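> So I've got this file, entry_12.txt, and it contains compact mmCIF, C-alpha atoms and all ligand atoms:
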```
# COMPACT_ATOMS: atom_id res chain seq x y z
CA MET A 1 -10.56 8.00 -0.02
CA PRO A 2 -8.53 10.33 2.12
CA ALA A 3 -6.88 9.11 5.27
CA THR A 4 -5.10 12.08 6.78
CA VAL A 5 -2.41 12.16 9.46
CA VAL A 6 -2.06 15.33 11.50
CA ILE A 7 1.32 15.72 13.17
CA GLY A 8 3.10 18.32 15.26
CA ALA A 9 6.00 19.81 13.30
CA GLN A 10 7.81 21.30 16.31
CA TRP A 11 8.19 20.42 20.01
CA GLY A 12 4.50 19.83 20.63
CA ASP A 13 1.83 22.39 21.57
CA GLU A 14 1.55 23.58 17.97
CA GLY A 15 -2.23 23.88 18.18
CA LYS A 16 -2.97 20.42 16.77
CA GLY A 17 -6.11 20.19 18.91
CA LYS A 18 -7.75 23.06 17.12
CA VAL A 19 -6.71 21.80 13.68
CA VAL A 20 -7.88 18.27 14.45
CA ASP A 21 -11.10 19.66 15.89
CA LEU A 22 -11.72 21.54 12.67
CA LEU A 23 -10.93 18.55 10.48
CA ALA A 24 -12.85 16.19 12.76
CA GLU A 25 -16.00 18.02 11.73
CA ARG A 26 -15.39 16.56 8.26
CA SER A 27 -14.19 13.11 9.40
CA ASP A 28 -15.93 9.89 10.33
CA VAL A 29 -13.13 8.49 12.49
CA VAL A 30 -10.45 10.26 14.55
CA ALA A 31 -7.65 8.09 15.95
CA ARG A 32 -4.82 8.78 18.39
CA TYR A 33 -1.76 6.64 17.65
CA GLN A 34 0.93 7.44 20.26
CA GLY A 35 1.59 9.24 23.50
CA GLY A 36 -0.79 9.45 26.40
CA ASN A 37 -1.98 12.03 28.87
CA ASN A 38 1.31 13.88 28.50
CA ALA A 39 -0.54 15.53 25.61
CA GLY A 40 -3.02 18.31 26.14
CA HIS A 41 -5.37 19.94 23.70
CA THR A 42 -7.37 23.04 24.41
CA ILE A 43 -10.43 23.45 22.23
CA VAL A 44 -12.74 26.42 22.36
CA ALA A 45 -16.18 25.46 21.05
CA ASP A 46 -19.37 27.49 21.52
CA GLU A 47 -17.51 29.66 24.01
CA GLN A 48 -16.77 26.58 26.10
CA VAL A 49 -13.18 25.57 26.80
CA TYR A 50 -12.40 21.85 26.67
CA LYS A 51 -9.06 20.46 27.79
CA LEU A 52 -8.49 16.99 26.37
CA HIS A 53 -5.55 14.75 27.20
CA LEU A 54 -6.40 11.29 25.91
CA VAL A 55 -9.77 11.40 24.21
CA PRO A 56 -9.43 12.40 20.53
CA SER A 57 -10.74 15.86 19.72
CA GLY A 58 -13.42 14.42 17.42
CA ILE A 59 -15.47 13.54 20.50
CA LEU A 60 -17.15 16.94 20.36
CA TYR A 61 -18.92 15.85 17.14
CA PRO A 62 -21.69 13.35 17.80
CA GLY A 63 -21.43 10.30 15.58
CA THR A 64 -17.67 10.50 15.14
CA ILE A 65 -15.78 7.33 16.06
CA CYS A 66 -12.88 8.28 18.34
CA VAL A 67 -10.13 5.70 18.63
CA ILE A 68 -7.40 5.55 21.25
CA GLY A 69 -5.05 3.31 19.29
CA ASN A 70 -2.73 0.48 20.29
CA GLY A 71 0.33 2.76 20.11
CA THR A 72 -0.89 5.01 22.89
CA VAL A 73 -0.28 4.59 26.61
CA VAL A 74 -3.35 5.03 28.76
CA ASP A 75 -3.64 5.94 32.43
CA PRO A 76 -6.96 4.30 33.32
CA GLY A 77 -7.69 6.75 36.16
CA ALA A 78 -6.93 9.75 33.96
CA LEU A 79 -9.11 8.38 31.17
CA VAL A 80 -12.04 7.74 33.50
CA THR A 81 -11.74 11.29 34.88
CA GLU A 82 -11.73 12.69 31.37
CA ILE A 83 -14.71 10.59 30.30
CA ASP A 84 -16.68 11.58 33.41
CA GLY A 85 -15.85 15.26 32.89
CA LEU A 86 -17.02 15.17 29.28
CA GLU A 87 -20.22 13.33 30.15
CA GLU A 88 -21.02 15.83 32.90
CA ARG A 89 -20.86 18.55 30.26
CA GLY A 90 -23.27 16.69 28.01
CA VAL A 91 -20.71 15.30 25.54
CA SER A 92 -21.68 11.84 24.27
CA LEU A 93 -18.99 9.19 24.58
CA ASP A 94 -20.79 6.68 22.37
CA GLY A 95 -18.13 6.86 19.67
CA LEU A 96 -15.15 6.25 21.96
CA LYS A 97 -13.10 3.09 21.31
CA LEU A 98 -10.03 2.01 23.24
CA SER A 99 -7.66 -0.51 21.67
CA GLY A 100 -7.37 -3.69 23.72
CA ASN A 101 -3.67 -3.64 22.83
CA ALA A 102 -2.98 -0.17 24.23
CA HIS A 103 -0.59 -0.29 27.17
CA LEU A 104 -1.73 1.00 30.53
CA ILE A 105 0.14 3.41 32.75
CA MET A 106 0.25 1.89 36.20
CA PRO A 107 0.83 3.82 39.44
CA TYR A 108 4.41 2.54 39.60
CA HIS A 109 5.12 4.07 36.17
CA VAL A 110 4.18 7.49 37.51
CA MET A 111 6.31 6.94 40.63
CA LEU A 112 9.30 5.82 38.56
CA ASP A 113 8.96 8.75 36.14
CA GLY A 114 9.20 11.25 39.00
CA ALA A 115 12.02 9.35 40.69
CA ALA A 116 14.08 9.14 37.48
CA GLU A 117 13.70 12.87 36.89
CA MET A 118 14.86 13.59 40.42
CA ARG A 119 17.87 11.30 39.99
CA LEU A 120 18.88 13.04 36.76
CA GLY A 121 18.91 16.36 38.65
CA ARG A 122 20.27 19.09 36.39
CA PHE A 123 20.31 16.59 33.50
CA SER A 124 16.60 15.92 33.84
CA ILE A 125 14.46 15.74 30.71
CA GLY A 126 11.63 17.81 32.12
CA THR A 127 9.06 15.07 31.51
CA THR A 128 5.39 15.61 32.28
CA ARG A 129 5.81 13.02 35.08
CA ARG A 130 2.76 11.15 33.86
CA GLY A 131 4.59 7.80 33.68
CA ILE A 132 4.80 7.82 29.90
CA GLY A 133 8.45 6.74 29.56
CA PRO A 134 8.34 3.92 32.15
CA CYS A 135 5.15 2.56 30.54
CA TYR A 136 6.77 2.40 27.09
CA GLU A 137 9.85 0.83 28.74
CA ASP A 138 7.67 -1.98 30.08
CA LYS A 139 6.00 -2.42 26.71
CA ALA A 140 9.42 -3.00 25.12
CA ALA A 141 10.50 -5.21 28.03
CA ARG A 142 7.31 -7.26 27.51
CA VAL A 143 6.11 -6.82 31.07
CA GLY A 144 3.46 -4.23 30.25
CA ILE A 145 -0.21 -4.29 31.22
CA ARG A 146 -2.66 -3.79 28.35
CA ALA A 147 -6.22 -2.53 28.23
CA GLN A 148 -7.43 -6.06 27.44
CA ASP A 149 -5.94 -7.26 30.74
CA LEU A 150 -8.60 -5.23 32.54
CA LEU A 151 -11.14 -7.66 31.13
CA ASP A 152 -9.49 -10.67 32.78
CA PRO A 153 -8.82 -10.09 36.50
CA LYS A 154 -6.82 -13.33 36.91
CA ILE A 155 -4.43 -12.45 34.10
CA LEU A 156 -4.19 -8.90 35.42
CA VAL A 157 -2.98 -10.03 38.85
CA ARG A 158 -0.53 -12.50 37.32
CA LYS A 159 0.94 -9.88 35.02
CA LEU A 160 1.18 -7.39 37.86
CA GLU A 161 3.04 -9.99 39.93
CA VAL A 162 5.62 -10.38 37.16
CA ALA A 163 5.96 -6.64 36.57
CA LEU A 164 6.15 -5.77 40.25
CA GLU A 165 8.80 -8.33 41.09
CA ALA A 166 11.49 -6.16 39.54
CA LYS A 167 9.71 -2.85 40.13
CA ASN A 168 9.43 -3.41 43.87
CA GLU A 169 13.17 -3.99 44.11
CA ILE A 170 13.77 -0.69 42.33
CA LEU A 171 11.12 1.22 44.27
CA GLU A 172 12.32 -0.06 47.62
CA LYS A 173 16.09 -0.39 47.27
CA LEU A 174 16.85 2.46 44.88
CA TRP A 175 14.24 5.02 45.82
CA GLY A 176 13.24 4.04 49.36
CA MET A 177 9.61 3.93 48.30
CA PRO A 178 7.04 1.47 49.63
CA ARG A 179 6.55 -1.87 47.85
CA LEU A 180 3.32 -2.27 45.92
CA GLU A 181 1.17 -5.36 46.32
CA PRO A 182 -0.06 -6.80 43.00
CA GLU A 183 -3.50 -7.58 44.46
CA ARG A 184 -3.97 -4.02 45.70
CA VAL A 185 -2.88 -2.49 42.41
CA ALA A 186 -5.20 -4.89 40.55
CA GLU A 187 -8.09 -4.01 42.87
CA ASP A 188 -7.67 -0.29 42.08
CA GLN A 189 -7.38 -0.91 38.35
CA LEU A 190 -10.42 -3.18 38.29
CA ARG A 191 -12.50 -0.31 39.58
CA TYR A 192 -11.68 1.53 36.37
CA ALA A 193 -12.20 -1.65 34.37
CA GLU A 194 -15.97 -1.56 34.78
CA ARG A 195 -16.09 1.99 33.47
CA LEU A 196 -13.73 1.31 30.57
CA ARG A 197 -15.05 -2.12 29.52
CA PRO A 198 -17.65 -0.79 27.04
CA PHE A 199 -15.00 1.16 25.18
CA ILE A 200 -12.39 -1.61 24.75
CA ASP A 201 -12.42 -3.02 21.22
CA ASP A 202 -10.45 -4.23 18.20
CA THR A 203 -9.72 -0.75 16.93
CA ALA A 204 -7.40 -1.83 14.06
CA LEU A 205 -10.36 -3.69 12.59
CA ILE A 206 -12.70 -0.73 13.13
CA ILE A 207 -10.32 1.57 11.23
CA ASP A 208 -9.81 -0.94 8.43
CA GLU A 209 -13.57 -1.30 7.99
CA ALA A 210 -14.03 2.46 7.98
CA LEU A 211 -11.39 2.85 5.27
CA ARG A 212 -12.96 0.04 3.21
CA ASP A 213 -16.32 1.77 3.48
CA GLY A 214 -14.81 4.95 2.05
CA LYS A 215 -15.05 6.83 5.34
CA ARG A 216 -12.75 9.71 6.19
CA VAL A 217 -10.21 8.84 8.84
CA LEU A 218 -8.05 11.33 10.68
CA PHE A 219 -4.97 10.19 12.60
CA GLU A 220 -4.18 12.58 15.41
CA GLY A 221 -0.53 12.77 16.45
CA ALA A 222 0.45 13.97 19.90
CA GLN A 223 3.61 15.92 20.88
CA GLY A 224 5.76 16.87 17.89
CA THR A 225 8.50 15.85 15.47
CA MET A 226 11.35 17.27 17.53
CA LEU A 227 10.21 15.16 20.50
CA ASP A 228 10.29 11.95 18.41
CA ILE A 229 12.31 9.25 20.16
CA ASP A 230 14.16 8.36 16.94
CA HIS A 231 14.38 11.66 15.09
CA GLY A 232 14.00 14.32 17.79
CA THR A 233 16.51 16.02 20.05
CA TYR A 234 17.32 12.81 21.96
CA PRO A 235 17.49 12.37 24.95
CA PHE A 236 15.22 15.42 25.40
CA VAL A 237 12.32 13.67 23.72
CA THR A 238 9.21 11.69 24.54
CA SER A 239 9.18 7.87 24.42
CA SER A 240 7.16 7.39 21.24
CA ASN A 241 7.16 8.45 17.59
CA PRO A 242 5.00 11.52 16.95
CA THR A 243 6.09 11.45 13.26
CA ALA A 244 3.59 10.28 10.65
CA GLY A 245 4.93 6.74 10.17
CA ALA A 246 3.75 5.81 13.65
CA ALA A 247 0.14 6.39 12.60
CA CYS A 248 0.39 3.00 10.87
CA THR A 249 1.98 0.95 13.64
CA GLY A 250 0.09 2.86 16.31
CA THR A 251 -3.33 2.00 14.89
CA GLY A 252 -2.68 -1.16 12.87
CA ILE A 253 -3.04 -0.07 9.26
CA GLY A 254 -0.54 -0.25 6.39
CA PRO A 255 1.37 2.76 4.97
CA THR A 256 -0.41 2.40 1.62
CA ARG A 257 -3.65 3.48 3.29
CA ILE A 258 -2.43 6.99 4.16
CA ASP A 259 -3.20 9.72 1.63
CA ARG A 260 -2.19 12.96 3.29
CA VAL A 261 0.04 14.26 6.03
CA LEU A 262 -0.73 17.64 7.49
CA GLY A 263 2.00 19.19 9.64
CA VAL A 264 1.03 21.73 12.26
CA THR A 265 3.41 24.52 13.20
CA LYS A 266 3.01 27.69 15.17
CA ALA A 267 3.99 30.90 13.39
CA TYR A 268 6.85 30.95 15.94
CA VAL A 269 8.32 28.18 18.15
CA THR A 270 7.68 27.06 21.71
CA ARG A 271 9.13 24.29 23.80
CA VAL A 272 8.45 22.98 27.31
CA GLY A 273 10.92 20.84 29.18
CA GLU A 274 14.66 20.81 28.75
CA GLY A 275 16.79 20.47 25.64
CA PRO A 276 18.33 22.53 22.85
CA PHE A 277 16.32 25.24 21.08
CA PRO A 278 18.43 27.37 18.70
CA THR A 279 15.96 30.23 18.17
CA GLU A 280 14.97 30.57 21.84
CA LEU A 281 14.55 34.20 22.95
CA ASP A 282 15.30 35.68 26.32
CA ASP A 283 14.19 39.21 25.51
CA ASP A 284 11.13 41.40 25.06
CA ASP A 285 10.21 39.66 21.78
CA GLY A 286 10.11 36.28 23.57
CA ARG A 287 8.10 37.72 26.46
CA ARG A 288 5.68 39.27 23.99
CA MET A 289 5.12 35.87 22.35
CA LEU A 290 4.64 34.28 25.78
CA GLU A 291 2.05 36.83 26.86
CA ARG A 292 0.18 37.32 23.59
CA GLY A 293 0.23 33.58 22.87
CA ASN A 294 -0.65 32.62 26.47
CA GLU A 295 2.16 30.09 26.30
CA PHE A 296 1.55 27.92 29.34
CA GLY A 297 1.31 24.11 29.07
CA THR A 298 -2.16 22.54 29.00
CA THR A 299 -0.95 19.48 30.88
CA THR A 300 1.53 20.81 33.42
CA GLY A 301 0.87 24.56 33.37
CA ARG A 302 4.57 25.15 32.77
CA GLN A 303 5.67 28.34 31.05
CA ARG A 304 6.77 27.57 27.50
CA ARG A 305 10.08 28.73 26.08
CA CYS A 306 9.48 30.94 23.00
CA GLY A 307 11.47 31.81 19.88
CA TRP A 308 11.33 32.76 16.20
CA LEU A 309 10.22 30.22 13.63
CA ASP A 310 12.99 27.78 12.72
CA LEU A 311 12.76 26.87 9.04
CA VAL A 312 15.68 24.42 9.20
CA ALA A 313 13.83 22.33 11.77
CA LEU A 314 10.54 22.77 9.91
CA ARG A 315 12.03 21.48 6.65
CA TYR A 316 13.38 18.50 8.61
CA ALA A 317 9.90 17.84 10.01
CA ALA A 318 8.36 18.07 6.54
CA ARG A 319 10.86 15.53 5.23
CA LEU A 320 10.51 13.03 8.08
CA SER A 321 6.75 12.82 7.78
CA GLY A 322 6.34 13.38 4.04
CA MET A 323 4.12 16.38 4.70
CA THR A 324 1.64 17.25 1.98
CA GLY A 325 0.30 20.35 3.71
CA LEU A 326 1.14 22.71 6.54
CA ALA A 327 -1.19 24.35 9.04
CA LEU A 328 0.26 27.57 10.45
CA THR A 329 -1.30 28.39 13.81
CA LYS A 330 -1.33 31.49 16.00
CA LEU A 331 -0.32 33.91 13.25
CA ASP A 332 -2.37 36.53 15.12
CA VAL A 333 0.15 36.41 18.01
CA LEU A 334 2.78 38.00 15.76
CA SER A 335 0.72 41.15 15.08
CA GLY A 336 2.44 44.22 16.48
CA PHE A 337 6.10 43.26 16.01
CA GLU A 338 8.15 45.92 14.14
CA ARG A 339 9.84 43.09 12.22
CA VAL A 340 9.50 39.33 12.27
CA LYS A 341 12.39 36.92 11.92
CA LEU A 342 12.74 33.53 10.28
CA CYS A 343 15.69 31.24 10.96
CA VAL A 344 16.84 30.20 7.48
CA ALA A 345 20.11 28.48 8.44
CA TYR A 346 22.31 27.56 11.40
CA ARG A 347 25.95 28.40 12.02
CA ASP A 348 27.87 25.63 13.73
CA ARG A 349 30.67 26.28 16.23
CA ASP A 350 33.19 26.53 13.37
CA GLY A 351 31.08 29.11 11.55
CA ASN A 352 29.88 26.71 8.83
CA ARG A 353 26.47 27.54 7.41
CA LEU A 354 24.00 24.63 7.70
CA THR A 355 20.67 24.54 5.90
CA VAL A 356 20.05 20.84 6.61
CA PHE A 357 19.19 19.82 10.17
CA PRO A 358 22.39 18.26 11.62
CA TYR A 359 22.08 14.62 12.68
CA HIS A 360 24.81 14.90 15.33
CA GLN A 361 23.67 16.27 18.67
CA THR A 362 27.04 17.89 19.40
CA VAL A 363 26.73 19.95 16.23
CA PHE A 364 23.10 20.82 16.91
CA HIS A 365 23.79 21.87 20.50
CA GLY A 366 26.38 24.33 19.19
CA CYS A 367 24.20 25.84 16.47
CA THR A 368 23.21 29.50 16.39
CA PRO A 369 20.46 30.81 14.13
CA GLU A 370 20.92 32.88 11.00
CA TYR A 371 17.85 35.04 10.52
CA GLU A 372 16.06 36.62 7.63
CA GLU A 373 14.04 39.67 8.71
CA LEU A 374 10.69 40.62 7.27
CA PRO A 375 8.67 43.73 8.04
CA GLY A 376 6.05 43.11 10.74
CA TRP A 377 2.38 44.05 10.63
CA HIS A 378 0.16 45.79 13.16
CA GLU A 379 -3.30 44.79 12.04
CA ASP A 380 -5.43 42.53 14.21
CA LEU A 381 -5.93 39.25 12.32
CA SER A 382 -8.72 37.83 14.45
CA ASP A 383 -11.40 38.48 11.83
CA CYS A 384 -9.42 37.24 8.82
CA ARG A 385 -11.20 34.30 7.18
CA GLU A 386 -9.73 34.42 3.66
CA LEU A 387 -6.16 34.70 2.44
CA ASP A 388 -7.09 38.04 0.91
CA ASP A 389 -8.12 39.35 4.34
CA LEU A 390 -4.53 39.12 5.56
CA PRO A 391 -2.48 42.32 5.55
CA PRO A 392 0.14 42.07 2.76
CA ARG A 393 3.04 41.77 5.23
CA ALA A 394 1.43 38.88 7.10
CA ARG A 395 0.71 37.22 3.78
CA ALA A 396 4.32 37.70 2.68
CA TYR A 397 5.44 36.02 5.93
CA VAL A 398 3.18 33.02 5.27
CA GLU A 399 4.32 32.74 1.65
CA ARG A 400 7.99 32.87 2.64
CA ILE A 401 7.48 29.95 5.02
CA SER A 402 5.71 27.84 2.42
CA GLU A 403 8.40 28.60 -0.17
CA ALA A 404 11.22 27.66 2.24
CA VAL A 405 9.62 24.43 3.43
CA GLU A 406 8.32 23.49 -0.03
CA VAL A 407 4.95 22.50 1.40
CA PRO A 408 1.71 24.36 0.68
CA ILE A 409 0.08 26.13 3.61
CA THR A 410 -3.43 24.75 3.84
CA LEU A 411 -4.71 26.31 7.07
CA ILE A 412 -3.87 29.47 9.01
CA GLY A 413 -4.91 30.09 12.61
CA THR A 414 -5.94 33.67 13.40
CA GLY A 415 -7.35 33.35 16.93
CA GLN A 416 -8.33 30.93 19.69
CA GLY A 417 -11.89 30.28 18.56
CA ARG A 418 -12.92 27.25 16.55
CA HIS A 419 -13.70 29.29 13.44
CA GLN A 420 -10.87 31.81 13.69
CA VAL A 421 -9.06 30.19 10.84
CA ILE A 422 -8.27 30.69 7.18
CA ASP A 423 -9.12 27.46 5.43
CA VAL A 424 -6.91 27.73 2.36
CA VAL A 425 -7.60 24.22 1.07
CA ASP A 426 -10.00 21.52 2.26
CA VAL A 427 -7.30 19.09 3.33
CA THR A 428 -9.67 16.23 3.99
CA GLY A 429 -11.08 16.78 0.52
P1 LIG A 501 7.23 12.78 28.62
O1 LIG A 501 6.54 12.63 27.30
O2 LIG A 501 6.31 13.12 29.75
O3 LIG A 501 8.13 11.63 28.91
O4 LIG A 501 8.20 14.06 28.49
C1 LIG A 501 9.33 14.07 27.60
C2 LIG A 501 9.50 15.44 26.95
O5 LIG A 501 8.40 15.66 26.06
C3 LIG A 501 9.48 16.61 27.91
O6 LIG A 501 10.34 17.63 27.40
C4 LIG A 501 8.05 17.09 27.88
O7 LIG A 501 7.93 18.46 28.25
C5 LIG A 501 7.76 16.88 26.42
N1 LIG A 501 6.32 16.69 26.15
C6 LIG A 501 5.58 15.59 26.35
N2 LIG A 501 4.32 15.77 25.95
C7 LIG A 501 4.26 17.01 25.45
C8 LIG A 501 3.21 17.77 24.83
O8 LIG A 501 2.09 17.31 24.63
N3 LIG A 501 3.54 19.03 24.44
C9 LIG A 501 4.79 19.53 24.60
N4 LIG A 501 5.79 18.86 25.14
C10 LIG A 501 5.54 17.61 25.57
```
Let's see the structure in the file written out as structure tokens.


Amino acid sequence: MPATVVIGAQWGDEGKGKVVDLLAERSDVVARYQGGNNAGHTIVADEQVYKLHLVPSGILYPGTICVIGNGTVVDPGALVTEIDGLEERGVSLDGLKLSGNAHLIMPYHVMLDGAAEMRLGRFSIGTTRRGIGPCYEDKAARVGIRAQDLLDPKILVRKLEVALEAKNEILEKLWGMPRLEPERVAEDQLRYAERLRPFIDDTALIIDEALRDGKRVLFEGAQGTMLDIDHGTYPFVTSSNPTAGAACTGTGIGPTRIDRVLGVTKAYVTRVGEGPFPTELDDDDGRRMLERGNEFGTTTGRQRRCGWLDLVALRYAARLSGMTGLALTKLDVLSGFERVKLCVAYRDRDGNRLTVFPYHQTVFHGCTPEYEELPGWHEDLSDCRELDDLPPRARAYVERISEAVEVPITLIGTGQGRHQVIDVVDVTG
């Protein structure tokens, strides 16, 4: 029985939402396993645009169980807003399940995220300022607040007292911010508790039972490989593991239960926030990608940095997550370029040619791309639904990527709409 993990193969924003949405149609359970409302998915369904941050994309299919797993961090206010917004638009939330073990983003996490970014000044990470990092910090420090604490007001206040003891010192003495009273914070959170109570559950058990019953489970990664706290471009990363291994710890199932790992990559590269990006463009080609691809963040509205596809980084992503398939999104954006480029190797500062992603940040920061050029294509791809519909040059581009990464391309995105896709192989099988 297939359990499939979908991960971002780049710096996030690869179009995972659309891919997950498509696969969710063929899945019984969709589970988020890391990250929080720093993520943002735009889904276009029946000419309606949905922007999801926390709720798994499967929610648009009635009957699908949508799990927000223990490895995620959840801002209760943001989740309630998202739930209310979906309900107002007639989307049923019956299938939503929130892990009782998921950590909650408290108001002080958001305050501390913003303050830390300000302190870093020109060294700032460019976080989404949603409190993600500080929440994961508290999880590791064992002073976090979990979804299950919302169900026990006494415990909630006690835990907030412990957490705020140190936080208030930092807020007041370091940042000159007002102290927060545990009772007041608890009062605010308990307002959300009533709304969230019906969704809180033992989600690891729900997923295990689904797998035992032969149901199809999709694990939806947020952000991307290069933002992974262990394997990404540290410190310019998020505070969790978007790579496939985290699907296990982030939902509570063993690695032997996973059958497939689908990586999602754009046909080019984008990045928001700070940090190295070897193929970044500051020219007309980059501006063309920005405009044609409408490259503005779903969560923060920030303009994304754009560049040619980096096959060295993509091979690295395929290796780290044991990818069995690759979804190539936004191929249509590249129509109209005279030639398209693929980064096949890096040159380090000493001129050495590197085809393996360098582990040392000093080497990576000094890398420049070595490109292979392919002829571009001018045809509009928005109506392509089969591989054979692609103009030969676009098809050659796709085949070159698959050959370099040694992973079959299983899906190709040819437009924003839900069905503007070439479904090469049924990856959920
Ligand atoms: P944080 O996750 O808010 O702590 O931000 C850390 C880094 O990850 C920053 O560079 C963010 O721009 C980036 N980031 C976080 N979430 C996303 C996402 O969903 N897409 C793209 N970049 C993200």

> My list of candidates is A:Ala247, A:Cys343, A:Ala166, A:Ala116. Which is closest to ligand LIG 501 (chain A) when distances are computed with all atoms listed in the file?

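Between A:Ala247, A:Cys343, A:Ala166, A:Ala116, the residue approaching ligand LIG 501 (chain A) most closely is A:Ala116.
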
> Would you give me, as a Markdown table, each residue of chain A having an atom within 8 Å of an atom of ligand LIG 501 (chain A), along with its shortest atom pair and that distance in Å to one decimal, using all atoms listed in the file and sorting by chain and residue number?


```
| residue | atom | partner | partner_atom | distance |
| --- | --- | --- | --- | --- |
| A:Trp11 | CA | A:LIG501 | C9 | 5.8 |
| A:Gly12 | CA | A:LIG501 | C9 | 4.0 |
| A:Asp13 | CA | A:LIG501 | N3 | 4.7 |
| A:Gly35 | CA | A:LIG501 | O1 | 7.1 |
| A:Asn37 | CA | A:LIG501 | N2 | 7.9 |
| A:Asn38 | CA | A:LIG501 | N2 | 4.4 |
| A:Ala39 | CA | A:LIG501 | O8 | 3.3 |
| A:Gly40 | CA | A:LIG501 | O8 | 5.4 |
| A:His41 | CA | A:LIG501 | O8 | 8.0 |
| A:Asp113 | CA | A:LIG501 | O3 | 7.8 |
| A:Ile125 | CA | A:LIG501 | O6 | 5.6 |
| A:Gly126 | CA | A:LIG501 | C3 | 4.9 |
| A:Thr127 | CA | A:LIG501 | O4 | 3.3 |
| A:Thr128 | CA | A:LIG501 | O2 | 3.7 |
| A:Arg129 | CA | A:LIG501 | O2 | 5.4 |
| A:Arg130 | CA | A:LIG501 | O2 | 5.8 |
| A:Gly131 | CA | A:LIG501 | O2 | 6.8 |
| A:Ile132 | CA | A:LIG501 | O3 | 5.2 |
| A:Gly133 | CA | A:LIG501 | O3 | 4.9 |
| A:Ala222 | CA | A:LIG501 | O8 | 6.0 |
| A:Gln223 | CA | A:LIG501 | O8 | 4.3 |
| A:Gly224 | CA | A:LIG501 | N3 | 7.2 |
| A:Leu227 | CA | A:LIG501 | O5 | 5.9 |
| A:Phe236 | CA | A:LIG501 | O6 | 5.7 |
| A:Val237 | CA | A:LIG501 | C2 | 4.6 |
| A:Thr238 | CA | A:LIG501 | C1 | 3.9 |
| A:Ser239 | CA | A:LIG501 | O3 | 5.9 |
| A:Arg271 | CA | A:LIG501 | C9 | 6.5 |
| A:Val272 | CA | A:LIG501 | O7 | 4.6 |
| A:Gly273 | CA | A:LIG501 | O6 | 3.7 |
| A:Glu274 | CA | A:LIG501 | O6 | 5.5 |
| A:Gly275 | CA | A:LIG501 | O6 | 7.3 |
| A:Gly297 | CA | A:LIG501 | N3 | 7.2 |
| A:Thr299 | CA | A:LIG501 | O8 | 7.3 |
```

> Take the residues that were just selected and, keeping C-alpha atoms, output them as a short mmCIF file (atom, residue, chain, number, x, y, z; two decimals), in the coordinates of the input.


```
data_model
loop_
_atom_site.label_atom_id
_atom_site.label_comp_id
_atom_site.auth_asym_id
_atom_site.auth_seq_id
_atom_site.Cartn_x
_atom_site.Cartn_y
_atom_site.Cartn_z
CA TRP A 11 8.19 20.42 20.01
CA GLY A 12 4.50 19.83 20.63
CA ASP A 13 1.83 22.39 21.57
CA GLY A 35 1.59 9.24 23.50
CA ASN A 37 -1.98 12.03 28.87
CA ASN A 38 1.31 13.88 28.50
CA ALA A 39 -0.54 15.53 25.61
CA GLY A 40 -3.02 18.31 26.14
CA HIS A 41 -5.37 19.94 23.70
CA ASP A 113 8.96 8.75 36.14
CA ILE A 125 14.46 15.74 30.71
CA GLY A 126 11.63 17.81 32.12
CA THR A 127 9.06 15.07 31.51
CA THR A 128 5.39 15.61 32.28
CA ARG A 129 5.81 13.02 35.08
CA ARG A 130 2.76 11.15 33.86
CA GLY A 131 4.59 7.80 33.68
CA ILE A 132 4.80 7.82 29.90
CA GLY A 133 8.45 6.74 29.56
CA ALA A 222 0.45 13.97 19.90
CA GLN A 223 3.61 15.92 20.88
CA GLY A 224 5.76 16.87 17.89
CA LEU A 227 10.21 15.16 20.50
CA PHE A 236 15.22 15.42 25.40
CA VAL A 237 12.32 13.67 23.72
CA THR A 238 9.21 11.69 24.54
CA SER A 239 9.18 7.87 24.42
CA ARG A 271 9.13 24.29 23.80
CA VAL A 272 8.45 22.98 27.31
CA GLY A 273 10.92 20.84 29.18
CA GLU A 274 14.66 20.81 28.75
CA GLY A 275 16.79 20.47 25.64
CA GLY A 297 1.31 24.11 29.07
CA THR A 299 -0.95 19.48 30.88
#
```

> Measuring atom to atom with only C-alpha atoms, identify which of A:Leu211, A:Val44, A:Leu150, A:Leu60 is nearest to A:Asp94.

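The closest residue to A:Asp94 is A:Leu60.
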
> Could you tell me which of A:Ser382, A:Asp228, A:Gln303, A:Lys97 comes closest to A:Leu205 if we count all atoms listed in the file?

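Smallest distance to A:Leu205 is found for A:Lys97.
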
> Ranking A:Tyr359, A:Tyr136, A:Tyr371, A:Tyr108 by minimum distance to A:Arg339 and counting only C-alpha atoms, which one comes first?

A:Tyr371

> For each of A:Gly90, A:Gly63, A:Pro276, A:Gly286, take the minimum atom-to-atom distance to A:Pro235, counting all atoms listed in the file, then give the residue where this is smallest.

A:Pro276

> Of the candidates A:Trp175, A:Phe296, A:Trp308, A:Phe277, which one gets nearest to A:Cys367 if we count all atoms listed in the file?

A:Phe277

> List as a list in words: which residues have an atom within 12 Å of (-13.9, 2.2, 6.1), counting only C-alpha atoms?

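It turns out the residues near that spot are Met1, Pro2, Ala3, Ser27, Asp28, Val29, Ile65, Thr203, Ala204, Leu205, Ile206, Ile207, Asp208, Glu209, Ala210, Leu211, Arg212, Asp213, Gly214, Lys215, Arg216, Val217, Leu218, Ile253 and Arg257 of chain A.
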
> Would you kindly return, as a ChimeraX atom specification, each protein, DNA or RNA residue with an atom no farther than 12 Å from any atom of A:Ile59, considering all atoms listed in the file and excluding same-chain residues fewer than 5 positions away?

/A:17,20-22,24-25,27-32,43,45,50-52,54,64-68,82-83,86-87,90-97

> Could you jot down the atom CA of A:Phe357 to atom CA of A:Asp230 separation for me, Å, one decimal place?

14.2 Å
